[in-house]
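Asker: Sharing query-v7.tsv (TSV, C-alpha atoms) below.
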chain	number	residue	atom	x	y	z
X	1	MET	CA	25.34	9.51	-4.80
X	2	THR	CA	21.64	8.96	-3.96
X	3	ALA	CA	19.28	7.59	-6.55
X	4	LEU	CA	16.40	9.77	-7.66
X	5	LYS	CA	12.96	8.38	-6.95
X	6	SER	CA	10.48	8.51	-9.79
X	7	GLN	CA	6.73	9.06	-9.49
X	8	MET	CA	4.06	6.49	-10.23
X	9	THR	CA	0.31	6.36	-9.83
X	10	VAL	CA	-1.54	3.76	-7.78
X	11	PHE	CA	-5.23	3.69	-6.97
X	12	VAL	CA	-6.16	3.40	-3.30
X	13	ASN	CA	-9.82	2.52	-2.79
X	14	GLY	CA	-10.50	3.92	-6.27
X	15	VAL	CA	-8.65	7.24	-5.79
X	16	ALA	CA	-5.46	7.97	-7.76
X	17	HIS	CA	-2.38	8.70	-5.63
X	18	GLY	CA	0.95	9.88	-7.03
X	19	ILE	CA	3.68	8.20	-4.99
X	20	ALA	CA	7.45	7.88	-5.12
X	21	GLN	CA	8.82	4.52	-6.16
X	22	PRO	CA	10.02	2.10	-5.04
X	23	LEU	CA	7.41	1.87	-2.30
X	24	THR	CA	6.21	-1.10	-0.26
X	25	VAL	CA	2.71	-1.69	1.05
X	26	HIS	CA	4.02	-0.89	4.55
X	27	ASP	CA	5.49	2.42	3.28
X	28	LEU	CA	2.15	3.33	1.67
X	29	LEU	CA	0.28	2.62	4.90
X	30	MET	CA	2.76	4.85	6.77
X	31	GLU	CA	2.26	7.68	4.23
X	32	LEU	CA	-1.50	7.37	4.68
X	33	GLY	CA	-1.19	7.34	8.50
X	34	LEU	CA	-2.63	3.82	8.71
X	35	GLU	CA	0.37	1.75	9.80
X	36	SER	CA	-0.91	1.08	13.32
X	37	LYS	CA	-4.50	0.28	12.33
X	38	ARG	CA	-6.07	-3.17	11.99
X	39	LEU	CA	-6.48	-3.49	8.24
X	40	ALA	CA	-6.95	-5.86	5.37
X	41	VAL	CA	-4.96	-4.94	2.26
X	42	GLU	CA	-5.49	-6.22	-1.25
X	43	ILE	CA	-3.52	-5.42	-4.42
X	44	ASN	CA	-5.17	-6.15	-7.76
X	45	GLY	CA	-7.52	-8.63	-6.12
X	46	GLU	CA	-4.84	-10.50	-4.14
X	47	ILE	CA	-4.69	-10.28	-0.33
X	48	VAL	CA	-1.38	-9.01	1.09
X	49	PHE	CA	-0.88	-10.64	4.47
X	50	ARG	CA	0.62	-8.55	7.29
X	51	ASP	CA	3.94	-10.44	7.25
X	52	ARG	CA	4.40	-9.61	3.53
X	53	ARG	CA	3.68	-5.85	3.67
X	54	ASP	CA	7.36	-4.91	4.18
X	55	SER	CA	8.48	-6.88	1.13
X	56	THR	CA	5.59	-6.30	-1.29
X	57	LEU	CA	6.47	-3.52	-3.74
X	58	LEU	CA	3.82	-1.46	-5.48
X	59	SER	CA	3.87	-1.04	-9.25
X	60	GLU	CA	2.51	1.59	-11.63
X	61	GLY	CA	-1.27	1.33	-11.90
X	62	ASP	CA	-1.75	-1.07	-8.97
X	63	ARG	CA	-5.22	-1.05	-7.46
X	64	VAL	CA	-4.94	-1.16	-3.68
X	65	GLU	CA	-7.99	-1.79	-1.51
X	66	ILE	CA	-7.67	-1.04	2.20
X	67	VAL	CA	-10.43	-2.14	4.56
X	68	HIS	CA	-10.51	-1.28	8.27
X	69	ALA	CA	-11.20	-4.22	10.56
X	70	ILE	CA	-14.08	-3.47	12.91
X	71	GLY	CA	-14.67	-5.58	16.00
X	72	GLY	CA	-18.03	-6.29	17.45
X	73	GLY	CA	-20.38	-9.04	18.17
I'd like the structure from this file rewritten - as structure tokens, please.

Answerer:
Amino acid sequence: MTALKSQMTVFVNGVAHGIAQPLTVHDLLMELGLESKRLAVEINGEIVFRDRRDSTLLSEGDRVEIVHAIGGG
């Protein structure tokens, strides 16, 4: 029997998103079509390093900030 996923709300760059839980940072980036981009991700003011995105679960009400890395010089 498969477990039912419940809905929760997280805020991505200030915009509310209803998402299924459990969901990792990596899963969220995939849903947003950003998984292959160079990004910085922060949850509630704490940086989530790339090697922790697969294991970091989102919680109800989390505030996620996603910033695109831009090269130049």

Asker: For atom CA of Met8 of chain X and atom CA of Ala69 of chain X, determine how far apart the two atoms are, in Å to one decimal place.

Answerer: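 Going from atom CA of Met8 of chain X over to atom CA of Ala69 of chain X covers 27.9 Å.
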
Asker: Would you list the residues near (-5.0, -9.1, -5.4) (no more than 12 Å away, in the coordinates of the file, using only C-alpha atoms) as number ranges by chain?

Answerer: X: 40-49, 56, 58, 62-66

Asker: Identify which of the residues X:Ser59, X:Arg53, X:Ile70, X:Pro22 lies closest to Lys37 of chain X, counting all atoms listed in the file when measuring atom-to-atom distances.

Answerer: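 Under the stated criterion, the closest residue is X:Ile70.
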
Asker: Counting all atoms listed in the file, which residues come within 10 Å of (6.6, 8.0, -6.1), with the point read in the file's coordinates, and could you list them as JSON, numbers by chain?

Answerer: {"X": [5, 6, 7, 8, 9, 10, 17, 18, 19, 20, 21, 22, 23, 58, 59, 60]}

Asker: By how many Å are atom CA of Asp54 of chain X and atom CA of Val15 of chain X apart?

Answerer: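 Straight-line distance from atom CA of Asp54 of chain X to atom CA of Val15 of chain X works out to 22.4 Å.
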